[in-house]
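Q: Take a look at this one; I'll ask things after.
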Amino acid sequence: MAVLEAKIVVSPSSDDGVFETGKFEVTMITVGTSDVSRPPVELFIVAPCEKGTYPPLLFCHGFMLGNNWYSDLLCHIASHGYIVVAPKFYGIIPISITEEVRRAAQVTEWLPAGLPLVLPEKVNPDMDNLALAGHSRGGKTAFALSLGRTEQKPRKKKARSVRDVVVDVTQPSKFKAVIGVDPVAGSSPSNRPPPQILEYIPRCFNMSIPVAVIGTGYGNQSLGVLRPPCAPDGVNHSEFFNESKPPASYFLAKDYGHCDMLDEWYANMMSYMCKSGTGPRDLMRKSVGGIVVAVLKSYLGGSEDDLNAIVDHPATAPITLDPVIYVKE
């Protein structure tokens, strides 16, 4: 059975800005694979409690991070009128990215029939406005899924079997937008596990949906010889943005690290693995959440005003965003 835990959130003012908590009370729901809805993997879902129809966002967690380690961030997003579905791709034993993309595709196929069964009464998903996001390696998973790929198209000299070809697991048109939160494609340009979606050619991603990329200023910095960068140059946010076709937006959280958008306890724990920023992490969570909300509002049938406001006046964000780039055409 689905396990429900209510969490009340209240908008701090009548001005429902994207960087502040939204107006909707939300509930956090954990759905196991034994539930009658039969999800392919365990799910952590955050949804508004109020009757209505809301766009869903599929959120892919980072490497060896829990899908519920982002609860504050996902609650912020959901409080603005979105249903966030965060699959748990694996437990203590990681899987290949190829398998991760396959499982994300399975969850995507489950959503239309399965998601309505586990949501609060009279809360429904608007499946015509489905978006996709991911953090760290989950960012690569999100991009690979939006591209419809699970395995690397081989170079001729390395082709070995039919298993090495590209597999179309889902149609990219199912998604209205894709968002990468400090996405990472591997440990270096020469060490990128399949699917190798980066081609190092500007605007080469073969998808026509809007893209947003949020990077971190400290993600490419190491904590010493034994702790290399968690988001190394050449495989991080910069390259994902460079290879995205317009419309594409880019936001660099200059003074924060790769895991600073996690819930506080987990962010503290991960600061021993990934270099962390010095600013208050609650402001990072608000900023990432606000950018995601602004992007969703812009491309899922809402208004472009909030996204344009952030692009035109980055200082409105609680943290320093520098640079901010928006390529519309």
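Order determines the names: the first chain of the structure tokens is A, the second B, and so forth; residues in each chain are numbered 1 upward, and ligands are numbered 1 upward as they are shown.
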Just list as a PDB file with all heavy atoms, in the first residue's frame whatever in range 121-260 of chain A DSSP marks as strand (DSSP E or B).

A:
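Contents of part_2.pdb, freshly written:
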ATOM      1  N   VAL A 123      -7.156  14.604  -6.849  1.00  0.00           N
ATOM      2  CA  VAL A 123      -5.923  15.177  -7.394  1.00  0.00           C
ATOM      3  C   VAL A 123      -5.520  14.336  -8.596  1.00  0.00           C
ATOM      4  O   VAL A 123      -5.366  13.117  -8.485  1.00  0.00           O
ATOM      5  CB  VAL A 123      -4.794  15.199  -6.344  1.00  0.00           C
ATOM      6  CG1 VAL A 123      -3.468  15.617  -6.982  1.00  0.00           C
ATOM      7  CG2 VAL A 123      -5.146  16.140  -5.197  1.00  0.00           C
ATOM      8  N   ASN A 124      -5.370  14.967  -9.742  1.00  0.00           N
ATOM      9  CA  ASN A 124      -5.111  14.245 -10.985  1.00  0.00           C
ATOM     10  C   ASN A 124      -3.903  14.815 -11.712  1.00  0.00           C
ATOM     11  O   ASN A 124      -3.638  16.023 -11.655  1.00  0.00           O
ATOM     12  CB  ASN A 124      -6.336  14.334 -11.903  1.00  0.00           C
ATOM     13  CG  ASN A 124      -7.561  13.689 -11.297  1.00  0.00           C
ATOM     14  OD1 ASN A 124      -7.583  12.486 -11.057  1.00  0.00           O
ATOM     15  ND2 ASN A 124      -8.590  14.487 -11.031  1.00  0.00           N
ATOM     16  N   PRO A 125      -3.159  13.954 -12.409  1.00  0.00           N
ATOM     17  CA  PRO A 125      -2.018  14.436 -13.196  1.00  0.00           C
ATOM     18  C   PRO A 125      -2.466  14.885 -14.588  1.00  0.00           C
ATOM     19  O   PRO A 125      -3.317  14.258 -15.213  1.00  0.00           O
ATOM     20  CB  PRO A 125      -1.117  13.206 -13.293  1.00  0.00           C
ATOM     21  CG  PRO A 125      -2.074  12.049 -13.270  1.00  0.00           C
ATOM     22  CD  PRO A 125      -3.227  12.470 -12.393  1.00  0.00           C
ATOM     23  N   ALA A 131       6.940  16.814 -17.573  1.00  0.00           N
ATOM     24  CA  ALA A 131       8.308  17.323 -17.666  1.00  0.00           C
ATOM     25  C   ALA A 131       9.268  16.349 -16.996  1.00  0.00           C
ATOM     26  O   ALA A 131       8.852  15.438 -16.265  1.00  0.00           O
ATOM     27  CB  ALA A 131       8.411  18.705 -17.028  1.00  0.00           C
ATOM     28  N   LEU A 132      10.551  16.560 -17.219  1.00  0.00           N
ATOM     29  CA  LEU A 132      11.586  15.630 -16.789  1.00  0.00           C
ATOM     30  C   LEU A 132      12.751  16.416 -16.201  1.00  0.00           C
ATOM     31  O   LEU A 132      13.135  17.462 -16.730  1.00  0.00           O
ATOM     32  CB  LEU A 132      12.047  14.816 -17.997  1.00  0.00           C
ATOM     33  CG  LEU A 132      13.111  13.748 -17.849  1.00  0.00           C
ATOM     34  CD1 LEU A 132      12.660  12.664 -16.873  1.00  0.00           C
ATOM     35  CD2 LEU A 132      13.409  13.136 -19.219  1.00  0.00           C
ATOM     36  N   ALA A 133      13.302  15.931 -15.093  1.00  0.00           N
ATOM     37  CA  ALA A 133      14.447  16.592 -14.465  1.00  0.00           C
ATOM     38  C   ALA A 133      15.318  15.548 -13.793  1.00  0.00           C
ATOM     39  O   ALA A 133      14.885  14.414 -13.539  1.00  0.00           O
ATOM     40  CB  ALA A 133      13.981  17.639 -13.443  1.00  0.00           C
ATOM     41  N   GLY A 134      16.555  15.924 -13.489  1.00  0.00           N
ATOM     42  CA  GLY A 134      17.446  15.015 -12.792  1.00  0.00           C
ATOM     43  C   GLY A 134      18.664  15.744 -12.271  1.00  0.00           C
ATOM     44  O   GLY A 134      19.077  16.769 -12.820  1.00  0.00           O
ATOM     45  N   HIS A 135      19.229  15.201 -11.191  1.00  0.00           N
ATOM     46  CA  HIS A 135      20.410  15.780 -10.566  1.00  0.00           C
ATOM     47  C   HIS A 135      21.601  14.846 -10.731  1.00  0.00           C
ATOM     48  O   HIS A 135      21.469  13.629 -10.649  1.00  0.00           O
ATOM     49  CB  HIS A 135      20.149  16.011  -9.069  1.00  0.00           C
ATOM     50  CG  HIS A 135      21.388  16.327  -8.269  1.00  0.00           C
ATOM     51  ND1 HIS A 135      21.796  15.577  -7.190  1.00  0.00           N
ATOM     52  CD2 HIS A 135      22.302  17.320  -8.413  1.00  0.00           C
ATOM     53  CE1 HIS A 135      22.904  16.092  -6.684  1.00  0.00           C
ATOM     54  NE2 HIS A 135      23.242  17.152  -7.419  1.00  0.00           N
ATOM     55  N   VAL A 178      12.944  19.466 -20.293  1.00  0.00           N
ATOM     56  CA  VAL A 178      13.908  18.685 -19.516  1.00  0.00           C
ATOM     57  C   VAL A 178      14.815  19.654 -18.768  1.00  0.00           C
ATOM     58  O   VAL A 178      15.252  20.670 -19.328  1.00  0.00           O
ATOM     59  CB  VAL A 178      14.727  17.722 -20.409  1.00  0.00           C
ATOM     60  CG1 VAL A 178      15.503  18.465 -21.470  1.00  0.00           C
ATOM     61  CG2 VAL A 178      15.676  16.873 -19.563  1.00  0.00           C
ATOM     62  N   ILE A 179      15.094  19.340 -17.495  1.00  0.00           N
ATOM     63  CA  ILE A 179      15.883  20.212 -16.628  1.00  0.00           C
ATOM     64  C   ILE A 179      17.014  19.399 -16.011  1.00  0.00           C
ATOM     65  O   ILE A 179      16.775  18.354 -15.382  1.00  0.00           O
ATOM     66  CB  ILE A 179      15.012  20.816 -15.514  1.00  0.00           C
ATOM     67  CG1 ILE A 179      13.825  21.583 -16.115  1.00  0.00           C
ATOM     68  CG2 ILE A 179      15.844  21.724 -14.610  1.00  0.00           C
ATOM     69  CD1 ILE A 179      12.772  21.968 -15.099  1.00  0.00           C
ATOM     70  N   GLY A 180      18.235  19.866 -16.177  1.00  0.00           N
ATOM     71  CA  GLY A 180      19.384  19.227 -15.567  1.00  0.00           C
ATOM     72  C   GLY A 180      19.869  20.040 -14.379  1.00  0.00           C
ATOM     73  O   GLY A 180      20.190  21.218 -14.521  1.00  0.00           O
ATOM     74  N   VAL A 181      19.908  19.419 -13.195  1.00  0.00           N
ATOM     75  CA  VAL A 181      20.414  20.071 -11.988  1.00  0.00           C
ATOM     76  C   VAL A 181      21.833  19.568 -11.757  1.00  0.00           C
ATOM     77  O   VAL A 181      22.042  18.442 -11.304  1.00  0.00           O
ATOM     78  CB  VAL A 181      19.513  19.771 -10.775  1.00  0.00           C
ATOM     79  CG1 VAL A 181      20.061  20.469  -9.524  1.00  0.00           C
ATOM     80  CG2 VAL A 181      18.081  20.214 -11.042  1.00  0.00           C
ATOM     81  N   SER A 188      35.191  11.886 -16.583  1.00  0.00           N
ATOM     82  CA  SER A 188      36.038  12.699 -17.451  1.00  0.00           C
ATOM     83  C   SER A 188      35.551  12.501 -18.883  1.00  0.00           C
ATOM     84  O   SER A 188      34.821  11.545 -19.167  1.00  0.00           O
ATOM     85  CB  SER A 188      37.509  12.280 -17.337  1.00  0.00           C
ATOM     86  OG  SER A 188      37.713  10.990 -17.892  1.00  0.00           O
ATOM     87  N   ASN A 191      36.143   9.071 -19.952  1.00  0.00           N
ATOM     88  CA  ASN A 191      35.527   8.018 -19.139  1.00  0.00           C
ATOM     89  C   ASN A 191      34.051   8.346 -18.945  1.00  0.00           C
ATOM     90  O   ASN A 191      33.627   8.820 -17.906  1.00  0.00           O
ATOM     91  CB  ASN A 191      36.227   7.887 -17.790  1.00  0.00           C
ATOM     92  CG  ASN A 191      35.704   6.711 -16.979  1.00  0.00           C
ATOM     93  OD1 ASN A 191      35.010   5.845 -17.499  1.00  0.00           O
ATOM     94  ND2 ASN A 191      36.048   6.693 -15.702  1.00  0.00           N
ATOM     95  N   VAL A 211      15.047  23.231 -22.835  1.00  0.00           N
ATOM     96  CA  VAL A 211      16.041  22.702 -21.904  1.00  0.00           C
ATOM     97  C   VAL A 211      16.431  23.791 -20.906  1.00  0.00           C
ATOM     98  O   VAL A 211      16.573  24.961 -21.276  1.00  0.00           O
ATOM     99  CB  VAL A 211      17.302  22.221 -22.654  1.00  0.00           C
ATOM    100  CG1 VAL A 211      18.405  21.836 -21.678  1.00  0.00           C
ATOM    101  CG2 VAL A 211      16.971  21.054 -23.571  1.00  0.00           C
ATOM    102  N   ALA A 212      16.615  23.406 -19.668  1.00  0.00           N
ATOM    103  CA  ALA A 212      17.193  24.286 -18.661  1.00  0.00           C
ATOM    104  C   ALA A 212      18.291  23.524 -17.934  1.00  0.00           C
ATOM    105  O   ALA A 212      18.132  22.345 -17.614  1.00  0.00           O
ATOM    106  CB  ALA A 212      16.139  24.769 -17.669  1.00  0.00           C
ATOM    107  N   VAL A 213      19.401  24.197 -17.683  1.00  0.00           N
ATOM    108  CA  VAL A 213      20.529  23.581 -16.989  1.00  0.00           C
ATOM    109  C   VAL A 213      20.931  24.479 -15.824  1.00  0.00           C
ATOM    110  O   VAL A 213      21.146  25.681 -16.005  1.00  0.00           O
ATOM    111  CB  VAL A 213      21.735  23.372 -17.927  1.00  0.00           C
ATOM    112  CG1 VAL A 213      22.915  22.794 -17.147  1.00  0.00           C
ATOM    113  CG2 VAL A 213      21.358  22.453 -19.080  1.00  0.00           C
ATOM    114  N   ILE A 214      21.018  23.896 -14.638  1.00  0.00           N
ATOM    115  CA  ILE A 214      21.464  24.600 -13.439  1.00  0.00           C
ATOM    116  C   ILE A 214      22.807  24.003 -13.034  1.00  0.00           C
ATOM    117  O   ILE A 214      22.902  22.801 -12.775  1.00  0.00           O
ATOM    118  CB  ILE A 214      20.453  24.452 -12.289  1.00  0.00           C
ATOM    119  CG1 ILE A 214      19.069  24.939 -12.727  1.00  0.00           C
ATOM    120  CG2 ILE A 214      20.926  25.204 -11.052  1.00  0.00           C
ATOM    121  CD1 ILE A 214      17.965  24.582 -11.755  1.00  0.00           C
ATOM    122  N   GLY A 215      23.835  24.819 -13.010  1.00  0.00           N
ATOM    123  CA  GLY A 215      25.160  24.354 -12.624  1.00  0.00           C
ATOM    124  C   GLY A 215      25.578  24.896 -11.274  1.00  0.00           C
ATOM    125  O   GLY A 215      24.923  25.777 -10.712  1.00  0.00           O
ATOM    126  N   THR A 216      26.692  24.362 -10.749  1.00  0.00           N
ATOM    127  CA  THR A 216      27.234  24.851  -9.481  1.00  0.00           C
ATOM    128  C   THR A 216      28.682  25.290  -9.672  1.00  0.00           C
ATOM    129  O   THR A 216      29.436  24.667 -10.420  1.00  0.00           O
ATOM    130  CB  THR A 216      27.174  23.771  -8.378  1.00  0.00           C
ATOM    131  OG1 THR A 216      27.964  22.638  -8.761  1.00  0.00           O
ATOM    132  CG2 THR A 216      25.740  23.343  -8.135  1.00  0.00           C
ATOM    133  N   GLY A 224      40.560  17.287  -2.564  1.00  0.00           N
ATOM    134  CA  GLY A 224      41.874  16.706  -2.342  1.00  0.00           C
ATOM    135  C   GLY A 224      42.139  15.608  -3.347  1.00  0.00           C
ATOM    136  O   GLY A 224      41.293  15.281  -4.185  1.00  0.00           O
ATOM    137  N   ARG A 227      39.621  12.778  -3.326  1.00  0.00           N
ATOM    138  CA  ARG A 227      38.226  13.123  -3.579  1.00  0.00           C
ATOM    139  C   ARG A 227      38.159  14.059  -4.775  1.00  0.00           C
ATOM    140  O   ARG A 227      38.161  15.281  -4.634  1.00  0.00           O
ATOM    141  CB  ARG A 227      37.598  13.760  -2.345  1.00  0.00           C
ATOM    142  CG  ARG A 227      37.438  12.795  -1.168  1.00  0.00           C
ATOM    143  CD  ARG A 227      36.698  13.461  -0.019  1.00  0.00           C
ATOM    144  NE  ARG A 227      36.448  12.535   1.063  1.00  0.00           N
ATOM    145  CZ  ARG A 227      37.289  12.286   2.056  1.00  0.00           C
ATOM    146  NH1 ARG A 227      38.455  12.913   2.083  1.00  0.00           N
ATOM    147  NH2 ARG A 227      36.990  11.435   3.022  1.00  0.00           N
ATOM    148  N   ALA A 248      16.958  27.218 -24.702  1.00  0.00           N
ATOM    149  CA  ALA A 248      17.770  26.636 -23.640  1.00  0.00           C
ATOM    150  C   ALA A 248      18.201  27.741 -22.684  1.00  0.00           C
ATOM    151  O   ALA A 248      18.644  28.807 -23.116  1.00  0.00           O
ATOM    152  CB  ALA A 248      18.991  25.925 -24.210  1.00  0.00           C
ATOM    153  N   SER A 249      18.081  27.476 -21.405  1.00  0.00           N
ATOM    154  CA  SER A 249      18.482  28.446 -20.385  1.00  0.00           C
ATOM    155  C   SER A 249      19.524  27.826 -19.467  1.00  0.00           C
ATOM    156  O   SER A 249      19.563  26.600 -19.282  1.00  0.00           O
ATOM    157  CB  SER A 249      17.271  28.928 -19.583  1.00  0.00           C
ATOM    158  OG  SER A 249      16.512  27.829 -19.089  1.00  0.00           O
ATOM    159  N   TYR A 250      20.361  28.679 -18.896  1.00  0.00           N
ATOM    160  CA  TYR A 250      21.495  28.224 -18.090  1.00  0.00           C
ATOM    161  C   TYR A 250      21.647  29.139 -16.880  1.00  0.00           C
ATOM    162  O   TYR A 250      21.596  30.370 -17.006  1.00  0.00           O
ATOM    163  CB  TYR A 250      22.766  28.255 -18.941  1.00  0.00           C
ATOM    164  CG  TYR A 250      24.051  27.944 -18.220  1.00  0.00           C
ATOM    165  CD1 TYR A 250      24.423  26.630 -17.960  1.00  0.00           C
ATOM    166  CD2 TYR A 250      24.904  28.958 -17.801  1.00  0.00           C
ATOM    167  CE1 TYR A 250      25.616  26.334 -17.305  1.00  0.00           C
ATOM    168  CE2 TYR A 250      26.097  28.676 -17.156  1.00  0.00           C
ATOM    169  CZ  TYR A 250      26.448  27.364 -16.912  1.00  0.00           C
ATOM    170  OH  TYR A 250      27.619  27.074 -16.274  1.00  0.00           O
ATOM    171  N   PHE A 251      21.829  28.523 -15.710  1.00  0.00           N
ATOM    172  CA  PHE A 251      21.959  29.266 -14.465  1.00  0.00           C
ATOM    173  C   PHE A 251      23.098  28.648 -13.656  1.00  0.00           C
ATOM    174  O   PHE A 251      23.053  27.448 -13.365  1.00  0.00           O
ATOM    175  CB  PHE A 251      20.672  29.198 -13.653  1.00  0.00           C
ATOM    176  CG  PHE A 251      19.427  29.508 -14.448  1.00  0.00           C
ATOM    177  CD1 PHE A 251      18.794  28.501 -15.172  1.00  0.00           C
ATOM    178  CD2 PHE A 251      18.891  30.783 -14.468  1.00  0.00           C
ATOM    179  CE1 PHE A 251      17.653  28.772 -15.905  1.00  0.00           C
ATOM    180  CE2 PHE A 251      17.750  31.060 -15.201  1.00  0.00           C
ATOM    181  CZ  PHE A 251      17.126  30.056 -15.923  1.00  0.00           C
ATOM    182  N   LEU A 252      24.085  29.443 -13.298  1.00  0.00           N
ATOM    183  CA  LEU A 252      25.205  28.940 -12.498  1.00  0.00           C
ATOM    184  C   LEU A 252      25.082  29.456 -11.069  1.00  0.00           C
ATOM    185  O   LEU A 252      25.161  30.663 -10.823  1.00  0.00           O
ATOM    186  CB  LEU A 252      26.540  29.364 -13.089  1.00  0.00           C
ATOM    187  CG  LEU A 252      27.766  28.830 -12.328  1.00  0.00           C
ATOM    188  CD1 LEU A 252      27.845  27.309 -12.441  1.00  0.00           C
ATOM    189  CD2 LEU A 252      29.050  29.469 -12.843  1.00  0.00           C
ATOM    190  N   ALA A 253      24.891  28.528 -10.133  1.00  0.00           N
ATOM    191  CA  ALA A 253      24.885  28.864  -8.710  1.00  0.00           C
ATOM    192  C   ALA A 253      26.341  28.998  -8.273  1.00  0.00           C
ATOM    193  O   ALA A 253      26.967  28.035  -7.826  1.00  0.00           O
ATOM    194  CB  ALA A 253      24.159  27.780  -7.920  1.00  0.00           C
TER     195      ALA A 253
END

Q: With a cut-off of 10 Å, could you pull out the residues of range 164-266 of chain A touching range 63-75 of chain A and give me the nearest pair of atoms for each, distance in Å to one decimal, using only C-alpha atoms, ordered by chain and ascending number, as JSON lines?

A:
{"residue": "A:Val184", "atom": "CA", "partner": "A:Phe63", "partner_atom": "CA", "distance": 9.6}
{"residue": "A:Cys259", "atom": "CA", "partner": "A:Leu65", "partner_atom": "CA", "distance": 9.7}
{"residue": "A:Met261", "atom": "CA", "partner": "A:Leu73", "partner_atom": "CA", "distance": 7.0}
{"residue": "A:Leu262", "atom": "CA", "partner": "A:Tyr70", "partner_atom": "CA", "distance": 5.0}
{"residue": "A:Asp263", "atom": "CA", "partner": "A:Tyr70", "partner_atom": "CA", "distance": 5.5}
{"residue": "A:Glu264", "atom": "CA", "partner": "A:Asp72", "partner_atom": "CA", "distance": 8.8}
{"residue": "A:Trp265", "atom": "CA", "partner": "A:Trp69", "partner_atom": "CA", "distance": 8.8}
{"residue": "A:Tyr266", "atom": "CA", "partner": "A:Trp69", "partner_atom": "CA", "distance": 6.5}

Q: Grab the residues selected above and save them as a short mmCIF file (atom, residue, chain, number, x, y, z; two decimals), in the first residue's frame with all heavy atoms.

A:
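The resulting file, selection.cif, is reproduced below:
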data_model
loop_
_atom_site.label_atom_id
_atom_site.label_comp_id
_atom_site.auth_asym_id
_atom_site.auth_seq_id
_atom_site.Cartn_x
_atom_site.Cartn_y
_atom_site.Cartn_z
N VAL A 184 25.85 15.38 -14.72
CA VAL A 184 27.20 14.83 -14.89
C VAL A 184 27.13 13.62 -15.80
O VAL A 184 26.31 12.73 -15.59
CB VAL A 184 27.83 14.43 -13.54
CG1 VAL A 184 29.23 13.87 -13.75
CG2 VAL A 184 27.86 15.60 -12.58
N CYS A 259 26.11 19.09 -4.20
CA CYS A 259 25.03 18.47 -3.42
C CYS A 259 24.36 19.44 -2.46
O CYS A 259 23.64 19.02 -1.54
CB CYS A 259 25.58 17.27 -2.64
SG CYS A 259 26.02 15.86 -3.68
N MET A 261 21.86 21.28 -2.80
CA MET A 261 20.39 21.38 -2.91
C MET A 261 19.68 20.22 -2.20
O MET A 261 18.45 20.16 -2.17
CB MET A 261 19.94 21.45 -4.38
CG MET A 261 20.03 20.16 -5.16
SD MET A 261 21.72 19.54 -5.40
CE MET A 261 22.44 20.86 -6.38
N LEU A 262 20.45 19.29 -1.64
CA LEU A 262 19.86 18.19 -0.88
C LEU A 262 19.30 18.69 0.44
O LEU A 262 19.64 19.79 0.91
CB LEU A 262 20.91 17.11 -0.60
CG LEU A 262 21.55 16.40 -1.80
CD1 LEU A 262 22.61 15.43 -1.30
CD2 LEU A 262 20.52 15.68 -2.64
N ASP A 263 18.47 17.86 1.08
CA ASP A 263 18.03 18.18 2.44
C ASP A 263 19.25 18.38 3.32
O ASP A 263 20.31 17.77 3.10
CB ASP A 263 17.17 17.05 2.99
CG ASP A 263 15.84 16.91 2.25
OD1 ASP A 263 15.51 17.80 1.45
OD2 ASP A 263 15.15 15.90 2.48
N GLU A 264 19.12 19.19 4.36
CA GLU A 264 20.27 19.66 5.13
C GLU A 264 21.14 18.53 5.66
O GLU A 264 22.37 18.57 5.53
CB GLU A 264 19.80 20.55 6.27
CG GLU A 264 20.90 21.34 6.94
CD GLU A 264 21.53 22.39 6.02
OE1 GLU A 264 20.86 22.82 5.06
OE2 GLU A 264 22.70 22.76 6.27
N TRP A 265 20.54 17.51 6.27
CA TRP A 265 21.34 16.43 6.86
C TRP A 265 22.14 15.71 5.80
O TRP A 265 23.33 15.42 5.98
CB TRP A 265 20.43 15.44 7.59
CG TRP A 265 21.17 14.49 8.46
CD1 TRP A 265 21.49 14.65 9.78
CD2 TRP A 265 21.73 13.21 8.07
NE1 TRP A 265 22.20 13.55 10.24
CE2 TRP A 265 22.35 12.66 9.22
CE3 TRP A 265 21.73 12.49 6.89
CZ2 TRP A 265 22.98 11.41 9.19
CZ3 TRP A 265 22.38 11.26 6.86
CH2 TRP A 265 22.99 10.73 8.00
N TYR A 266 21.52 15.43 4.67
CA TYR A 266 22.21 14.72 3.60
C TYR A 266 23.25 15.61 2.93
O TYR A 266 24.31 15.13 2.51
CB TYR A 266 21.19 14.21 2.58
CG TYR A 266 20.24 13.19 3.16
CD1 TYR A 266 18.89 13.50 3.36
CD2 TYR A 266 20.68 11.93 3.54
CE1 TYR A 266 18.02 12.58 3.91
CE2 TYR A 266 19.81 11.00 4.09
CZ TYR A 266 18.48 11.33 4.27
OH TYR A 266 17.62 10.42 4.82
#

Q: Counting only C-alpha atoms, which residues in range 5-92 of chain A sit no more than 12 Å from range 297-301 of chain A? For each one, give the nearest pair of atoms and the distance in Å, sorted by chain then residue number, as a tab-separated table.

A:
residue	atom	partner	partner_atom	distance
A:Gly17	CA	A:Lys297	CA	11.8
A:Val18	CA	A:Lys297	CA	9.6
A:Tyr54	CA	A:Leu300	CA	10.1
A:Pro55	CA	A:Leu300	CA	7.4
A:Pro56	CA	A:Leu300	CA	9.9
A:Leu57	CA	A:Leu300	CA	10.5
A:Ile77	CA	A:Lys297	CA	10.9
A:His80	CA	A:Lys297	CA	9.4
A:Gly81	CA	A:Lys297	CA	9.7
A:Tyr82	CA	A:Lys297	CA	9.8

Q: My list of candidates is A:Cys204, A:Ile83, A:Leu117, A:Leu145. Which is closest to Gly52 in chain A when distances are computed with only C-alpha atoms?

A: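 Of A:Cys204, A:Ile83, A:Leu117, A:Leu145, the one nearest Gly52 in chain A, counting only C-alpha atoms, is A:Ile83.
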
Q: For each of A:Ala177, A:Lys140, A:Phe205, A:Asp312, take the minimum atom-to-atom distance to Asn236 in chain A, counting only C-alpha atoms, then give the residue where this is smallest.

A: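 Closest candidate: A:Lys140.
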
Q: Which residue out of A:Met284, A:Phe241, A:Leu307, A:Ala78 has the minimum interatomic distance to Glu25 in chain A when only C-alpha atoms are used?

A: A:Ala78

Q: Which is closest to Thr30 in chain A among A:Tyr90, A:Cys60, A:Lys51, A:Val84, if we use only C-alpha atoms?

A: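 Among the listed residues, A:Val84 lies closest to Thr30 in chain A.
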
Q: Given only C-alpha atoms as the basis, pick out the residue of A:Arg137, A:Lys176, A:Lys23, A:Lys122 nearest to His76 in chain A.

A: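 Nearest to His76 in chain A: A:Lys23.
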